[in-house]
Amino acid sequence: MTNLHQKPTNIQEIAARTRAMAATLGIEKFDVVGAATEESTVQVNEGKPQQMRASKRNSVTVRVWNREGLTGIASTNTLDDQGIRTALLLAKETSAYGNAEAKVDFSPEAKDTLAHSTAPRTSGPPEPGMSEMLASLLAAEAQVVAGHPAIRSLPYNALTQKTLERFYINSDGAAREEASSYLSTYLYTRAEQEGRKPRSAGLSEVATSLDGLALPALAGKVIEKTISYLDYKRINSGTYTVAFSGEAFLSLLEAFSNMFNAQNVLDKQSLSSEEDLGKPFASPLLSLNDNALHAANKLPHGFDGEGTPTRDVTILDKGVLRTFLHSAGTAKRMNTRPTGHANMGAKVTVGSHFWNVQRGEAPKAERLLESESSVVLVDEVHSLHAGVNALQGSFSVPFSGWIFENGNRVSIESATVAGDFRALLKAICFVEESAEHTPMGVCPRVWVDGLSITSETDS
Amino acid sequence: MIPSSATHLKSASGRSLSPSREAFDASWQPVFSVLLGLSRVAGANSCEFFLERRNHVSLLVENGKVTSVSPSLSLGGGVRVFRGTTDCYVSTHDVSYAGLKWALDKALSILGLSTPDGSRLLPEVNLEPLRDYGALRSKNAWLGQCPNIAESAEALMRVNAAVAKQTAHLESAMTSTFRDWQEVLVASSDGIFARDVRLTQSFVAQVSCVDGAHRASLGERRGDSANPKFLFTLPEEEIVSSLAHSAGAMLRADFVQSGKFPIVMANRFGGVIFHEACGHLLETTQVEKKTTPFLDSMGELIANEAVTAWDEGVTENAFGTLDMDDEGMPAQRTLLIENGRLRNFISDRTGQMRTGHPRTGSGRRQNYTFAAASRMRNTYIAGGKSTPDELIASMDRGLYCKRMGGGSVGATGEFNFGVSEAYLVEKGKITKPVKGATLIGDAKDILMQISMCANDTELAPGFCGSVSGSIYVTVGQPHIKVDAITVGGR
């Protein structure tokens, strides 16, 4: 067996071996997408290391065209000759079941110059080491637990360092590779007050260095957020104007992203259709882009799973639907150009990179939460997988947040917010100016009229 | 001498360190004897290796066409080292001796330990003779007995056509299946050396219906863990007619009015309520973090006396069934709650070490990149004496939750789950369909609210995501009545 630990991924060498192996198997047309990942994670509990993990992983997906132009794929994590040969053979076999009505080809942009590129890694993983990560996380835990008497623990926490190399090659000569290295963390508290139900609050962050992660500052924000969730009060069930935080709005948007996904539209697995293009789709107060290369995206990448360069794509312009997110195949079927959102698979799927929600038309007047009465600020939405029906458009999800009453902000006891996402987009009544930066994208607070709130304690 | 690289292919006792690449068999014993010996000399309190080979294929048929055939092969391993109660897990795709040695060295170094230099003679750890569960029930032959791609595609096409034919206002019909074959090998410093072969298969039919502004989407999953011919044994007519009927009922359903009222939850996947509201809170990972309200409740009444509940790995063919867990422990049947009283937690090796609750054969993981953790298997509420009709008749006004979506429980014990098919109950009778319901509650409270259990316990396959990844589980229950629960709606 080949020992791959000492070698960085050598894309040219993999390409050459795949090409030679394909030739011996009578395969003339193929492409390969792959990744090599190194990851280290620390978790702590009550001042001690809880678990530490490290891993090295490879993954490769090969796609093969047969003589009828149908495609088959296979995936493997074994990159030696035997592994690649097996994958090519499997892909060739499955190409007999390729979809003749949705034939795909290489992306027409697979060899275009990239707007963004990072050099492949040539040395070992960057600092920090595990001991420094552990010390930083232990310090953050101590800081959070000392931050307020009600904060009993930080049961959900992790600090991860990840190095990722990814590549795309095809038999037409395309060859792309890029590398990224970053750290990520999440810190979630458990707080208890006498006679009240426990509360939990947390934040996550991504950065390219431990210093950039600024754990002490993040821990301070987690304390502040947890405290703001304490002393909660019951809210009456009813219909409210709801302001979604940037994170909450993006969470819902992502859950309903089939409405902007060309593959889902073609599959009739979307809340949208091609007829919606060019028509008002949301309030004119809202504009929406997806941009993997946005300056605030700490994990930019320059090409998608078919080698297409990523770019800034305007989806909603002042509420009007301008385009869907595309793979090469969906773009061809809809007579447009790919947008760089493809994920390689037996059936190529489409996915977003980094949302950019902006104010569209200027509002008639600025609004301030602190000046409102009976406006609910939804800070986080939870359990989307249980409370969202992405094909019906409906959602009913628990949230954490506050109600603003005469300038006062009051934490809300357990409650859910419910509605129809298509109706929500049209009921947007105000989009704030400044955007929040989150790992999912950038987004200002978005205000919506007429949403149902249910309090858990109602009878 | 300590073999330090792939070029030294014999152990100190002269046994080969180049095991079979084709199978996890007894030829791997010398490799682990040496590596476990190294971990012991380095000062580790215990050490465990886990190897995994996987052969997975999935097929998708959409609207009468095969649109995806996706095979995937993987091979990898991991080592977990304990120093005191602190542990480190390192995984790698390289399962050669050198690759596994690299993983061990990495884990030891993270814990501040190191293997001695190459000049010492080392004791090897004695392992039991290979305990091979693959030899049971012809499991070694399972992979070859599964349907091929053509046969699988034919079965999916047949059900897809039947769904399309019977469903009104159909927008799209999807049928899909996966076959996940897994070979695992566990070796640990307490002498465990065990192999298992697993075969998990699933079938899903899903419909989306549209009529003007009205939409409905529903799905039905079936699963199996032991029958290579599973795909040919599906009750196709029952699945198709049930989906068509439910989609028709839900298409024009009104949104449910929010509030707090009694509900009756159907059997099978209705068991997700117990999985989320209680099962997770009985895993020792929650005891370690002190995030379960049942931390000090052993022997106490934590549920209504109508509730008796199990977690086990032995029900024939069930999705969460396994002959051994991912730490090499044979499957167990674990009584969780007996007439409302807490009897056991769900525990793995680490859980026993850190909380004192004995292992229950529940160490599970998604794949070799995860360390095992205490996880559920087949988890269900036992049947009672009532009939489902008696439960419905007991409600003056409430909700009948016939088909459940997914759910989750948070760090505070609050849970929620979606209902994909529900009906109002008025004066003891099921009346009109309603949609958009989410059930919300607090685990500690809701268990006391389960006042009636019917006599029709059935199990349903599902997936559970937690600290050690996504695993196959079964949820189950009879029809149960919950006296009061918050229903989120409009």
# chains A, B, ... in the order shown; residues from 1 in each chain; ligands from 1
call {"tool": "interface_residues", "arguments": {"of": "chain A", "to": "chain B", "cutoff": "7 Å", "atoms": "only C-alpha atoms", "output": "ChimeraX atom specification"}}
result
/A:1,3-4,49-58,73-78,94,97-99,130,155,190,198-200,268,346-347,383,385-387,391-392,394-396,416,418-419,452,454,456,458-459
call {"tool": "write_last_selection", "arguments": {"atoms": "C-alpha atoms", "output": "PDB file, in the first residue's frame"}}
result
ATOM      1  CA  MET A   1       0.000   0.000   0.000  1.00  0.00           C
ATOM      2  CA  ASN A   3       2.066   5.678   2.144  1.00  0.00           C
ATOM      3  CA  LEU A   4       0.582   9.012   1.187  1.00  0.00           C
ATOM      4  CA  PRO A  49      -9.234  18.675  27.384  1.00  0.00           C
ATOM      5  CA  GLN A  50     -12.367  16.763  26.362  1.00  0.00           C
ATOM      6  CA  GLN A  51     -11.267  15.309  23.074  1.00  0.00           C
ATOM      7  CA  MET A  52      -8.615  16.068  20.510  1.00  0.00           C
ATOM      8  CA  ARG A  53      -8.797  14.862  16.966  1.00  0.00           C
ATOM      9  CA  ALA A  54      -6.619  14.915  13.903  1.00  0.00           C
ATOM     10  CA  SER A  55      -7.211  13.471  10.469  1.00  0.00           C
ATOM     11  CA  LYS A  56      -5.892  13.181   6.947  1.00  0.00           C
ATOM     12  CA  ARG A  57      -8.409  12.455   4.240  1.00  0.00           C
ATOM     13  CA  ASN A  58      -8.424  12.166   0.465  1.00  0.00           C
ATOM     14  CA  ILE A  73     -19.180   8.585 -11.853  1.00  0.00           C
ATOM     15  CA  ALA A  74     -17.457   6.876  -8.951  1.00  0.00           C
ATOM     16  CA  SER A  75     -15.808   8.147  -5.793  1.00  0.00           C
ATOM     17  CA  THR A  76     -12.895   6.772  -3.824  1.00  0.00           C
ATOM     18  CA  ASN A  77     -10.467   7.836  -1.137  1.00  0.00           C
ATOM     19  CA  THR A  78      -7.703   5.585  -2.453  1.00  0.00           C
ATOM     20  CA  THR A  94     -22.399   3.335 -14.351  1.00  0.00           C
ATOM     21  CA  TYR A  97     -27.256   4.547 -16.717  1.00  0.00           C
ATOM     22  CA  GLY A  98     -26.442   8.143 -17.624  1.00  0.00           C
ATOM     23  CA  ASN A  99     -29.406  10.421 -18.237  1.00  0.00           C
ATOM     24  CA  MET A 130      -2.587  21.498  19.133  1.00  0.00           C
ATOM     25  CA  PRO A 155     -20.861  22.295  26.848  1.00  0.00           C
ATOM     26  CA  ARG A 190     -25.565  26.681  29.140  1.00  0.00           C
ATOM     27  CA  PRO A 198     -31.943  26.683  31.084  1.00  0.00           C
ATOM     28  CA  ARG A 199     -30.843  28.996  28.274  1.00  0.00           C
ATOM     29  CA  SER A 200     -28.128  28.544  25.686  1.00  0.00           C
ATOM     30  CA  LYS A 268     -39.557  20.758 -10.253  1.00  0.00           C
ATOM     31  CA  ALA A 346     -23.697  11.418 -10.788  1.00  0.00           C
ATOM     32  CA  LYS A 347     -26.261  14.138 -10.994  1.00  0.00           C
ATOM     33  CA  SER A 383     -34.023  23.250  14.113  1.00  0.00           C
ATOM     34  CA  HIS A 385     -34.400  20.638   9.369  1.00  0.00           C
ATOM     35  CA  ALA A 386     -37.479  19.885  11.414  1.00  0.00           C
ATOM     36  CA  GLY A 387     -39.449  23.066  10.964  1.00  0.00           C
ATOM     37  CA  LEU A 391     -41.087  22.323  -1.135  1.00  0.00           C
ATOM     38  CA  GLN A 392     -44.203  23.816   0.421  1.00  0.00           C
ATOM     39  CA  SER A 394     -43.786  26.866   4.982  1.00  0.00           C
ATOM     40  CA  PHE A 395     -41.706  27.155   8.116  1.00  0.00           C
ATOM     41  CA  SER A 396     -42.394  26.978  11.831  1.00  0.00           C
ATOM     42  CA  THR A 416     -41.716  29.798  17.409  1.00  0.00           C
ATOM     43  CA  ALA A 418     -44.039  30.635  11.407  1.00  0.00           C
ATOM     44  CA  GLY A 419     -44.922  31.677   7.894  1.00  0.00           C
ATOM     45  CA  SER A 452     -47.098  34.388  13.453  1.00  0.00           C
ATOM     46  CA  THR A 454     -46.424  31.091  19.133  1.00  0.00           C
ATOM     47  CA  GLU A 456     -44.665  27.706  24.291  1.00  0.00           C
ATOM     48  CA  ASP A 458     -49.778  29.426  25.805  1.00  0.00           C
ATOM     49  CA  SER A 459     -52.694  27.252  26.658  1.00  0.00           C
TER      50      SER A 459
END
call {"tool": "select_by_dssp", "arguments": {"residues": "region 329-374 of chain A", "states": "strand (DSSP E)", "output": "PyMOL selection string"}}
result
chain A and resi 342-343+349-350+355-359
call {"tool": "write_last_selection", "arguments": {"atoms": "C-alpha atoms", "output": "PDB file, in the first residue's frame"}}
result
ATOM      1  CA  ALA A 342     -21.727  23.154  -9.477  1.00  0.00           C
ATOM      2  CA  ASN A 343     -20.934  20.214  -7.225  1.00  0.00           C
ATOM      3  CA  THR A 349     -25.997  19.537  -8.015  1.00  0.00           C
ATOM      4  CA  VAL A 350     -25.969  23.278  -7.475  1.00  0.00           C
ATOM      5  CA  TRP A 355     -24.767  35.205   0.277  1.00  0.00           C
ATOM      6  CA  ASN A 356     -24.733  38.957   0.020  1.00  0.00           C
ATOM      7  CA  VAL A 357     -28.056  40.477   1.057  1.00  0.00           C
ATOM      8  CA  GLN A 358     -28.325  44.218   0.507  1.00  0.00           C
ATOM      9  CA  ARG A 359     -30.782  47.009   0.677  1.00  0.00           C
TER      10      ARG A 359
END
call {"tool": "atom_distance", "arguments": {"atom1": "CA of Ala306 (chain B)", "atom2": "CA of Gly384 (chain B)"}}
result
7.3 Å
call {"tool": "closest_residue", "arguments": {"among": "A:Leu321, A:Ala331, A:Leu218, A:Leu164", "to": "Pro284 (chain A)", "atoms": "only C-alpha atoms"}}
result
A:Leu321
call {"tool": "residues_around", "arguments": {"residues": "Thr175 (chain B)", "least_positions_apart": "3", "cutoff": "7 Å", "atoms": "only C-alpha atoms", "output": "list of chain:residue names"}}
result
B:Leu60, B:Val61, B:Glu62, B:Leu156, B:Asn160, B:Val204, B:Ala205, B:Gln206
call {"tool": "residues_around", "arguments": {"residues": "His326 (chain A)", "least_positions_apart": "3", "cutoff": "10 Å", "atoms": "only C-alpha atoms", "output": "PyMOL selection string"}}
result
chain A and resi 260-263+323+329-332+334+336-342+349-352
call {"tool": "atom_distance", "arguments": {"atom1": "CA of Thr115 (chain B)", "atom2": "CA of Arg131 (chain B)"}}
result
28.5 Å
call {"tool": "residues_around", "arguments": {"residues": "Lys197 (chain A)", "least_positions_apart": "3", "cutoff": "9 Å", "atoms": "only C-alpha atoms", "output": "mmCIF file with N, CA and C atoms, in the first residue's frame"}}
result
data_model
loop_
_atom_site.group_PDB
_atom_site.id
_atom_site.type_symbol
_atom_site.label_atom_id
_atom_site.label_comp_id
_atom_site.auth_asym_id
_atom_site.auth_seq_id
_atom_site.Cartn_x
_atom_site.Cartn_y
_atom_site.Cartn_z
ATOM 1 N N ALA A 191 -26.813 28.248 30.475
ATOM 2 C CA ALA A 191 -27.018 29.150 31.617
ATOM 3 C C ALA A 191 -28.282 28.743 32.356
ATOM 4 N N GLU A 192 -28.241 28.870 33.678
ATOM 5 C CA GLU A 192 -29.392 28.479 34.490
ATOM 6 C C GLU A 192 -29.694 29.567 35.510
ATOM 7 N N GLN A 193 -30.961 29.876 35.645
ATOM 8 C CA GLN A 193 -31.419 30.798 36.682
ATOM 9 C C GLN A 193 -32.473 30.087 37.514
ATOM 10 N N GLU A 194 -32.482 30.371 38.798
ATOM 11 C CA GLU A 194 -33.403 29.721 39.721
ATOM 12 C C GLU A 194 -34.847 29.866 39.222
ATOM 13 N N GLU A 413 -39.231 34.147 26.186
ATOM 14 C CA GLU A 413 -39.241 32.729 26.522
ATOM 15 C C GLU A 413 -39.478 31.923 25.244
ATOM 16 N N THR B 412 -30.419 22.875 25.986
ATOM 17 C CA THR B 412 -31.194 23.120 27.200
ATOM 18 C C THR B 412 -32.279 22.083 27.420
ATOM 19 N N ASP B 442 -40.313 20.697 26.293
ATOM 20 C CA ASP B 442 -39.148 20.468 27.125
ATOM 21 C C ASP B 442 -39.148 18.994 27.507
#
call {"tool": "residues_around", "arguments": {"residues": "Val144 (chain A)", "least_positions_apart": "3", "cutoff": "9 Å", "atoms": "only C-alpha atoms", "output": "list in words"}}
result
Ala139, Ala140, Glu141, Gly147, His148, Ile151, Ser153, Leu154, Leu187, Thr189, Ala219, Gly220, Val222 and Ile223 of chain A
call {"tool": "write_last_selection", "arguments": {"atoms": "N, CA and C atoms", "output": "compact mmCIF listing (two decimals), in the first residue's frame"}}
result
# COMPACT_ATOMS: atom_id res chain seq x y z
N ALA A 139 -8.71 28.79 27.81
CA ALA A 139 -8.81 30.17 28.30
C ALA A 139 -10.17 30.76 27.96
N ALA A 140 -10.64 30.47 26.76
CA ALA A 140 -11.95 30.99 26.35
C ALA A 140 -13.05 30.40 27.22
N GLU A 141 -12.95 29.10 27.51
CA GLU A 141 -13.97 28.47 28.37
C GLU A 141 -13.97 29.12 29.75
N GLY A 147 -17.93 34.70 33.22
CA GLY A 147 -18.55 35.93 32.73
C GLY A 147 -19.84 36.31 33.41
N HIS A 148 -20.54 35.34 34.02
CA HIS A 148 -21.82 35.63 34.69
C HIS A 148 -22.16 34.44 35.58
N ILE A 151 -24.02 31.49 34.00
CA ILE A 151 -23.39 30.64 32.98
C ILE A 151 -22.69 29.49 33.71
N SER A 153 -21.75 26.42 32.24
CA SER A 153 -20.75 25.65 31.47
C SER A 153 -20.76 26.09 30.01
N LEU A 154 -19.80 25.56 29.29
CA LEU A 154 -19.70 25.79 27.84
C LEU A 154 -19.69 24.40 27.18
N LEU A 187 -18.64 28.37 20.24
CA LEU A 187 -18.73 28.40 21.70
C LEU A 187 -20.21 28.55 22.06
N THR A 189 -22.95 28.27 25.32
CA THR A 189 -23.07 28.20 26.78
C THR A 189 -24.32 27.44 27.21
N ALA A 219 -15.31 35.30 23.01
CA ALA A 219 -15.84 34.85 24.30
C ALA A 219 -16.63 35.97 24.97
N GLY A 220 -16.13 37.20 24.86
CA GLY A 220 -16.84 38.35 25.43
C GLY A 220 -18.22 38.52 24.79
N VAL A 222 -19.96 36.14 23.43
CA VAL A 222 -20.81 35.01 23.86
C VAL A 222 -21.40 35.30 25.24
N ILE A 223 -20.59 35.86 26.12
CA ILE A 223 -21.09 36.22 27.45
C ILE A 223 -22.23 37.24 27.32
